[in-house]
There are 2 protein chains.
Amino acid sequence: MKKQLEVRLSGAGGQGLILAGIILAEAALYDEKNAIQSQSYGPEARGGSSRAEVIISDNEIHYPKVISPNVLVSLTQDSYNKYKGELAEDAILIVDETVEVEADIKHTVYQLPLLEIARVELRPVVANIVTLGAFQRITGCVSYESLETAVLDRVPKGTEELNKQALAAGHKAAGDLLAR
Amino acid sequence: MKKQLEVRLSGAGGQGLILAGIILAEAALYDEKNAIQSQSYGPEARGGSSRAEVIISDNEIHYPKVISPNVLVSLTQDSYNKYKGELAEDAILIVDETVEVEADIKHTVYQLPLLEIARVELRPVVANIVTLGAFQRITGCVSYESLETAVLDRVPKGTEELNKQALAAGHKAAGDLLAR
């Protein structure tokens with residue numbers, strides 16, 4: 001992994017992306033890295049799309065704002081359209097398979113049925129955790145073990161097993177895609 | 001209120017301060033303001049104290065990191081000791097009454113039984129929401145109505161009434177203190 005990774009998680013309000021960002025940052029902490037997690041609320045947040053940002057670094061983080069994400073996660077077409085223009089040159093995209101991506105896009109794109117896995121195999125509400133599982137498998141920027149610990153720390157009591165399965169399902173789906 | 005307010009919420013891990021920060025930022029959004037909410041995870045986050053930061057502004061926010069808070073909230077002695085040195089000159093302090101504050105401190109200090117109100121009148125877990133109620137009454141930097149809406153949006157289903165009472169209880173305690 002690069003020494004510093006800027007991640008933007010985007011989708012619709014209610015998809016749990018702020019929680020996903022917090023979990024990701026806390027997983028980085030367990031991995032002895034530094035992290036900053038943030039949300040901005042301004043005119044652009046009033047449209048119904050939601051985003052959370054995480055910077056993960058082996059070193060101290062000097063500028064705490066994501067400028068050009070190295071990883072953009074988009075669960076909806078709207079959020080993809082909104083943020084696709086701001087990516088770093090070598091960025092990767094992790095998008096739900098319902099998101100249409102330009103055929104000539106220069107970035108590496110991973111399209112996965114994240115929402116469907118949650119809805120069909122588990123519960124819609126864990127799409128954010130499915131997404132984190134896929135994110136971990138693709139980027140490797142936090143360890144699976146730390147991520148699972150952070151998930152179990154943060155999800156509501158009584159939903160631990162569901163969320164553990166969600167994380168594993170996202171991880172597996174990404175692994176299957178990478179193996180193709 | 002000042003055009004830009006930097007708020008640091010500090011306490012022990014598990015006191016729900018990250019959620020409080022998110023709720024406060026979302027309340028600012030309802031008030032048509034801009035806000036950035038963030039957490040940093042680094043060596044200093046490994047000690048057991050927790051902090052969340054919120055910047056609320058009438059205008060666009062240029063530098064997204066809290067440097068010298070205008071408001072420091074501390075629910076524990078440890079977190080007070082850690083952050084008291086970094087305040088803006090005209091800062092105000094909102095602390096739990098169990099926190100010992102230097103007699104010669106230059107800042108305006110509001111000491112309130114935030115943890116006790118939650119524990120005795122409600123449930124310990126809502127101390128963060130009690131704190132937000134007091135914060136609103138003292139600073140006025142978001143409207144009570146927006147704050148209540150943001151609280152009800154974010155708390156677990158089935159706990160809405162409890163959290164509504166918690167917000168009102170903190171608000172009332174601060175009002176009583178101000179009226180003395």
# chains A, B, ... in the order shown; residues from 1 in each chain; ligands from 1
>>> closest_atom_pairs(of="chain B", to="chain A", cutoff="6 Å", atoms="only C-alpha atoms", output="CSV")
residue,atom,partner,partner_atom,distance
B:Asn34,CA,A:Gly42,CA,4.6
B:Ala35,CA,A:Tyr41,CA,4.9
B:Ile36,CA,A:Ser40,CA,4.3
B:Gln37,CA,A:Gln39,CA,5.4
B:Ser38,CA,A:Ser38,CA,4.1
B:Gln39,CA,A:Gln37,CA,5.4
B:Ser40,CA,A:Ile36,CA,4.4
B:Tyr41,CA,A:Ala35,CA,4.9
B:Gly42,CA,A:Asn34,CA,4.6
>>> residues_around(residues="A:Leu147", least_positions_apart="3", cutoff="12 Å", atoms="only C-alpha atoms", output="PyMOL selection string")
chain A and resi 20-31+129-137+140-144+150-154+163-164+167-168+171
>>> write_last_selection(atoms="C-alpha atoms", output="CSV table (one decimal), in the first residue's frame")
chain,number,residue,atom,x,y,z
A,20,ALA,CA,-18.4,2.7,7.6
A,21,GLY,CA,-15.8,5.6,7.6
A,22,ILE,CA,-15.6,5.5,11.4
A,23,ILE,CA,-15.1,1.7,11.4
A,24,LEU,CA,-12.4,2.0,8.8
A,25,ALA,CA,-10.5,4.7,10.7
A,26,GLU,CA,-10.7,2.7,13.9
A,27,ALA,CA,-9.4,-0.4,12.1
A,28,ALA,CA,-6.4,1.6,10.9
A,29,LEU,CA,-5.8,2.6,14.5
A,30,TYR,CA,-5.8,-1.1,15.5
A,31,ASP,CA,-3.2,-1.7,12.7
A,129,ILE,CA,-20.4,-3.6,6.1
A,130,VAL,CA,-20.5,-5.7,2.9
A,131,THR,CA,-18.8,-2.8,1.2
A,132,LEU,CA,-16.1,-2.6,3.9
A,133,GLY,CA,-15.3,-6.3,3.4
A,134,ALA,CA,-14.9,-5.8,-0.3
A,135,PHE,CA,-12.8,-2.7,0.3
A,136,GLN,CA,-10.5,-4.6,2.5
A,137,ARG,CA,-10.0,-7.4,0.0
A,140,GLY,CA,-5.5,-4.4,1.7
A,141,CYS,CA,-5.0,-1.1,3.5
A,142,VAL,CA,-6.2,-2.4,6.8
A,143,SER,CA,-6.1,-6.0,8.1
A,144,TYR,CA,-9.2,-8.1,8.0
A,150,ALA,CA,-13.7,-2.4,14.6
A,151,VAL,CA,-17.0,-3.6,13.1
A,152,LEU,CA,-18.0,-5.6,16.1
A,153,ASP,CA,-17.1,-2.6,18.4
A,154,ARG,CA,-19.4,-0.2,16.5
A,163,ASN,CA,-22.4,-7.9,10.5
A,164,LYS,CA,-19.6,-10.5,10.7
A,167,LEU,CA,-18.0,-8.4,6.2
A,168,ALA,CA,-17.2,-11.9,5.1
A,171,HIS,CA,-14.7,-9.9,1.2
>>> atom_distance(atom1="atom CA of B:Ile67", atom2="atom CA of A:Ser50")
25.9 Å
>>> select_by_dssp(residues="stretch 7-176 of chain A", states="helix (DSSP H, G or I)", output="PyMOL selection string")
chain A and resi 17-30+43-47+77-86+114-121+124-139+144-154+160-176
>>> select_by_dssp(residues="stretch 19-179 of chain B", states="strand (DSSP E)", output="PyMOL selection string")
chain B and resi 34-41+49-57+71-74+92-96+108-112
>>> closest_residue(among="B:Ala103, B:Gly11, B:Thr139, B:Gly16", to="B:Val155", atoms="only C-alpha atoms")
B:Gly16
>>> residues_around(residues="A:Ala118", least_positions_apart="5", cutoff="7 Å", atoms="only C-alpha atoms", output="list of chain:residue names")
A:Arg123, A:Pro124, A:Val126, A:Ala127, A:Val130, A:Ala166
>>> write_last_selection(atoms="C-alpha atoms", output="PDB file, in the first residue's frame")
ATOM      1  CA  ARG A 123     -30.288  -7.489   5.330  1.00  0.00           C
ATOM      2  CA  PRO A 124     -30.235  -4.251   3.297  1.00  0.00           C
ATOM      3  CA  VAL A 126     -25.582  -4.077   6.243  1.00  0.00           C
ATOM      4  CA  ALA A 127     -24.639  -2.957   2.725  1.00  0.00           C
ATOM      5  CA  VAL A 130     -20.472  -5.710   2.903  1.00  0.00           C
ATOM      6  CA  ALA A 166     -21.748  -9.142   5.927  1.00  0.00           C
TER       7      ALA A 166
END
>>> atom_distance(atom1="atom CA of B:Gln77", atom2="atom CA of B:Val101")
8.7 Å
